[in-house]
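Below you'll find the structure, written out as structure tokens, and then a few comments.
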Amino acid sequence: GVEVNSVKSGDFGTTFEGFVNAPLGENIAARAVGWYRRDGGYIDNILASRTYPSSGITQSNAALVEKDYNDVETYGGRIALGIDLDDNWTVTPSLMGQVQKSGGSFAQERNGDGSTPGKYKTRQFNPEGSDDKWFNAGLTIEGKLGNWDLTYAGGYLRRTTKVDSDYSDYAFFYDALAGYGAYFTDNSGALVNPNQYIQGIDRYKKYFSEFRISSPSENRLRLIAGLFWQRQEHNIEQNYIIDNIADAITVTGTDSNIWLTKQLRIDRDIAGFGELAFDITEKLTATGGIRVYKYKNSLEGFFGFSAGYSSRTGEAACLNTDGTTRRQNPAGTPVPILVPGSPCTNVDKTTSDTDFIHKLNLTYKIDDDKLIYATWSRGFRPGGINRRGTLPPYGADQLDNYELGWKTSFGRFRWNGALYQLDWDGIQLSFLGANGLTEIRNAGKARIRGVETDINYRTGGLTLSAGASYNDSEIRRDFCGSAFIACDPLANPVLAPAGSRLPVTPKFKGNAVARYEMPVFDDWNGHIQLAASHVGGRTSDLRTAEKAIKGPLKAYTTIDFSLGAKNDTWSAELFATNLFNSSGVINTGVQCLETVCGTGVTASTPTGGVFYDTVIRPRIIGVKFARKF
């Protein structure tokens with residue numbers, strides 16, 4: 001298959017993909033898949049300059065000005081073997097890998113006063129982009145012991161992501177508002193350009209195994225049971241760089257870092273699960289399930305400034321220096337450097353928990369085409385350690401789901417739906433904190449009440465389908481500055497009162513598709529399709545003050561169109577996505593605290609802060625061709 005497309009206000013894109021299925025013997029076959037894709041950019045980095053107040057140094061981005069600079073190139077492949085050991089046992093090993101290289105950023109810029117440099121425009125002063133490489137090896141074994149089904153699935157993932165990010169807003173606004181630029185000098189004491197940028201490397205490893213056994217599906221009483229194990233490693237390196245700063249304020253072991261994050265996060269999960277289903281009558285079935293789990297998550301390593309720049313954060317707060325006994329833990333024993341590449345260790349924390357979740361369900365089958373059901377189920381996310389190690393760990397959050405639903409078919413017409421309430425306890429929310437580091441906090445309780453439904457109608461060659469959901473979501477308890485002490489107007493003020501709406505969640509979402517298929521020519525079948533999608537308005541933040549600074553996220557609607565034909569050998573399609581070029585905003589953010597980078601009104605910054613609105617892709621018009629052999 002091949003695709004060529006053009007992005008409105010942007011560049012061209014292409015896709016090449018193919019697969020082959022081939023027998024390698026009587027009981028073994030292979031499937032190989034390969035793909036290459038280039039997504040054309042549509043964000044322009046335009047000419048700009050800024051003058052840092054403390055030093056009077058002017059910085060220009062002239063060398064980085066580029067049209068359509070957020071292009072993405074992706075290529076990869078997958079190969080899998082299907083091996084029938086005998087009539088009952090099958091082994092499926094697979095190997096998959098991908099490389100993705102992207103340039104620029106995917107957000108358009110907006111000033112604090114609401115003005116913009118233009119649609120799909122930004123003003124960045126440092127290189128931006130990412131290089132993401134990964135591979136995954138997997139193995140599935142399926143078979144039978146008697147008339148019981150057994151399945152094993154396991155895998156191993158390696159991933160490395162290199163990211164370059166602009167961080168000059170942080171440098172500029174802290175200089176404009178608080179004169180921070182005066183602290184950045186070279187070895188001679190002269191002020192240097194406080195411009196800051198980030199070079200990050202994230203290295204991931206993941207191992208997992210799952211074993212499950214299930215009884216015959218025709219039995220009145222049915223069982224599924226199994227064990228799960230997983231270990232995930234995330235080696236985090238983030239270099240916050242200001243070029244040419246003095247050795248005294250450079251993090252030890254780096255070239256010109258004002259800040260270094262070098263940490264290793266390990267998440268460990270084990271679980272046992274089981275589910276019983278019993279046909280009470282021919283029409284009524286009860287199902288009960290339980291999952292007992294234990295997680296243990298740890299974070300160790302270093303974060304912060306050099307001792308010459310800060311007497312409180314970073315090297316000055318280390319448990320040790322270069323693996324020696326200069327700093328000791330409370331027991332009096334030396335603490336080694338736990339993460340190679342860090343100057344010392346100032347975070348070594350672990351959090352763990354053991355608990356269970358459940359599922360209860362009743363299903364009543366009215367007839368072969370209609371059923372209703374009721375479900376009470378519980379889910380959770382493990383807790384963890386904040387990357388700013390001085391913060392407390394965040395705990396697991398838990399979601400209880402109460403749901404009534406139906407699945408029905410009336411000849412050509414199908415209608416499914418559900419009414420539900422979600423009670424969310426200890427909800428994990430992330431915010432930008434000091435030094436621009438993300439903080440994860442448990443935000444008390446929340447409740448979501450909603451309904452979702454989808455319909456489908458088919459007659460002749462015409463298919464009509466639509467889906468919609470409505471969600472009323474709010475927190476049920478005041479969200480305060482600290483989750484560990486009582487709310488207090490002075491010591492622990494309320495950041496969001498009870499009743500505040502959960503952020504980035506639309507009340508209404510909907511979609512509709514109309515498709516007509518008809519014969520064309522001798523052995524060709526054609527189609528024409530129109531699809532619409534709507535996302536309602538959303539709030540940008542839970543916290544009252546930050547929500548007011550960032551502003552709301554407005555509703556948007558997109559229309560897609562396609563026209564095509566195919567036979568047993570060939571297929572061709574003309575398509576357009578986001579046909580009317582809607583400029584919907586998915587999310588918005590700033591480079592540092594909203595009260596700094598989002599307001600920042602001074603004599604030198606009359607437009608206030610700088611926001612980055614991540615937008616949906618503009619209109620894309622393209623053609624696809626495919627050939628089967």
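In the structure tokens, each chain is lettered A, B, ... as it comes, each chain's residues begin at 1, and ligands are numbered from 1 in order of appearance.
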
Do you know which residues are at most 8 Å from Thr588 of chain A counting only C-alpha atoms, after dropping those on the same chain fewer than 3 positions away, and could you put them as a compact mmCIF listing (two decimals) with C-alpha atoms, in the first residue's frame?
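What landed in selection.txt:
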```txt
# COMPACT_ATOMS: atom_id res chain seq x y z
CA SER A 540 -7.83 23.38 31.49
CA LYS A 550 -4.80 29.21 31.27
CA LEU A 553 -10.56 24.65 26.18
CA VAL A 585 -7.22 22.66 21.06
CA PHE A 611 1.02 29.49 26.49
CA TYR A 612 1.34 26.52 24.15
CA ASP A 613 -1.92 25.16 22.76
CA THR A 614 -1.62 21.64 21.38
```

Spatial neighbours of Trp524 of chain A, max dist 8 Å, only C-alpha atoms, sep filter under 2 positions, as number ranges by chain: A: 519-522, 526, 565-567

Could you write out that same residue set with N, CA, C and O atoms as an mmCIF file, in the first residue's frame?
```cif
data_model
loop_
_atom_site.group_PDB
_atom_site.id
_atom_site.type_symbol
_atom_site.label_atom_id
_atom_site.label_comp_id
_atom_site.auth_asym_id
_atom_site.auth_seq_id
_atom_site.Cartn_x
_atom_site.Cartn_y
_atom_site.Cartn_z
ATOM 1 N N PRO A 519 -21.907 -1.237 -6.195
ATOM 2 C CA PRO A 519 -21.047 -1.790 -7.255
ATOM 3 C C PRO A 519 -20.719 -0.722 -8.297
ATOM 4 O O PRO A 519 -21.558 0.112 -8.650
ATOM 5 N N VAL A 520 -19.468 -0.749 -8.768
ATOM 6 C CA VAL A 520 -19.036 0.132 -9.852
ATOM 7 C C VAL A 520 -18.202 -0.706 -10.814
ATOM 8 O O VAL A 520 -17.451 -1.582 -10.401
ATOM 9 N N PHE A 521 -18.339 -0.473 -12.090
ATOM 10 C CA PHE A 521 -17.661 -1.265 -13.117
ATOM 11 C C PHE A 521 -18.080 -2.745 -12.980
ATOM 12 O O PHE A 521 -19.100 -3.073 -12.383
ATOM 13 N N ASP A 522 -17.259 -3.636 -13.516
ATOM 14 C CA ASP A 522 -17.640 -5.052 -13.556
ATOM 15 C C ASP A 522 -17.461 -5.746 -12.215
ATOM 16 O O ASP A 522 -18.388 -6.314 -11.652
ATOM 17 N N GLY A 526 -17.593 0.159 -4.800
ATOM 18 C CA GLY A 526 -17.191 1.495 -4.366
ATOM 19 C C GLY A 526 -17.846 1.892 -3.056
ATOM 20 O O GLY A 526 -18.786 1.253 -2.579
ATOM 21 N N ALA A 565 -12.822 2.729 -4.104
ATOM 22 C CA ALA A 565 -13.305 1.526 -4.775
ATOM 23 C C ALA A 565 -12.257 0.437 -4.628
ATOM 24 O O ALA A 565 -11.062 0.720 -4.463
ATOM 25 N N LYS A 566 -12.709 -0.839 -4.707
ATOM 26 C CA LYS A 566 -11.776 -1.952 -4.589
ATOM 27 C C LYS A 566 -12.346 -3.170 -5.297
ATOM 28 O O LYS A 566 -13.559 -3.307 -5.494
ATOM 29 N N ASN A 567 -11.435 -4.070 -5.682
ATOM 30 C CA ASN A 567 -11.821 -5.401 -6.136
ATOM 31 C C ASN A 567 -10.943 -6.409 -5.418
ATOM 32 O O ASN A 567 -10.319 -6.078 -4.401
#
```

Point-to-point distance from atom CA of Thr350 of chain A to atom CA of Leu432 of chain A, Å rounded to tenths: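 Separation between atom CA of Thr350 of chain A and atom CA of Leu432 of chain A: 22.5 Å.
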
Residue contacts of Pro392 of chain A (9 Å, only C-alpha atoms) excluding same-chain residues fewer than 4 positions away, as a list in words: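 Once the nearby chain positions are removed, what remains is Ile385, Asn386, Arg388, Arg441 and Phe484 of chain A.
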
Interatomic distance, atom CA of Arg231 of chain A to atom CA of Lys205 of chain A (Å, one decimal):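 Spanning atom CA of Arg231 of chain A to atom CA of Lys205 of chain A is a straight-line distance of 8.1 Å.
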
Selected residue, from A:Tyr152, A:Ile198, A:Asp568, A:Asp368, that lies nearest to Gly411 of chain A when counting only C-alpha atoms: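 Selected residue with least distance to Gly411 of chain A: A:Asp368.
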
Residue nearest Asn111 of chain A - candidates A:Pro23, A:Cys597, A:Ile79, A:Pro493, atoms counted: only C-alpha atoms: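 So, comparing all the options, the nearest one is A:Cys597.
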
Would you list the contacts of Glu218 of chain A as a short mmCIF file (atom, residue, chain, number, x, y, z; two decimals) with C-alpha atoms, in the first residue's frame, taking every protein, DNA or RNA residue within 12 Å and counting only C-alpha atoms, but skipping same-chain residues closer than 4 positions in sequence?
```cif
data_model
loop_
_atom_site.label_atom_id
_atom_site.label_comp_id
_atom_site.auth_asym_id
_atom_site.auth_seq_id
_atom_site.Cartn_x
_atom_site.Cartn_y
_atom_site.Cartn_z
CA ASN A 147 -10.75 -29.86 27.68
CA TRP A 148 -9.27 -26.90 29.62
CA SER A 214 -10.00 -21.51 31.62
CA ARG A 222 -17.00 -21.56 34.11
CA LEU A 223 -13.67 -20.52 35.59
CA ALA A 277 -19.39 -17.35 35.74
CA PHE A 278 -22.54 -19.33 36.54
CA ASP A 279 -25.68 -19.68 34.42
#
```

Closest of A:Gly155, A:Gly289, A:Gly405, A:Gly622 to Lys359 of chain A - atom-to-atom distances counting only C-alpha atoms: A:Gly289

Tyr293 of chain A surroundings by only C-alpha atoms, 12 Å radius, close-in-sequence under 4 positions cut, as a list in words: Leu227, Phe228, Trp229, Gln230, Arg268, Asp269, Ile270, Ala271, Gly272, Phe273, Gly274, Ser352, Asp353, Thr354, Asp355, Phe356, Ile357, His358, Gly379, Phe380, Arg381 and Pro382 of chain A
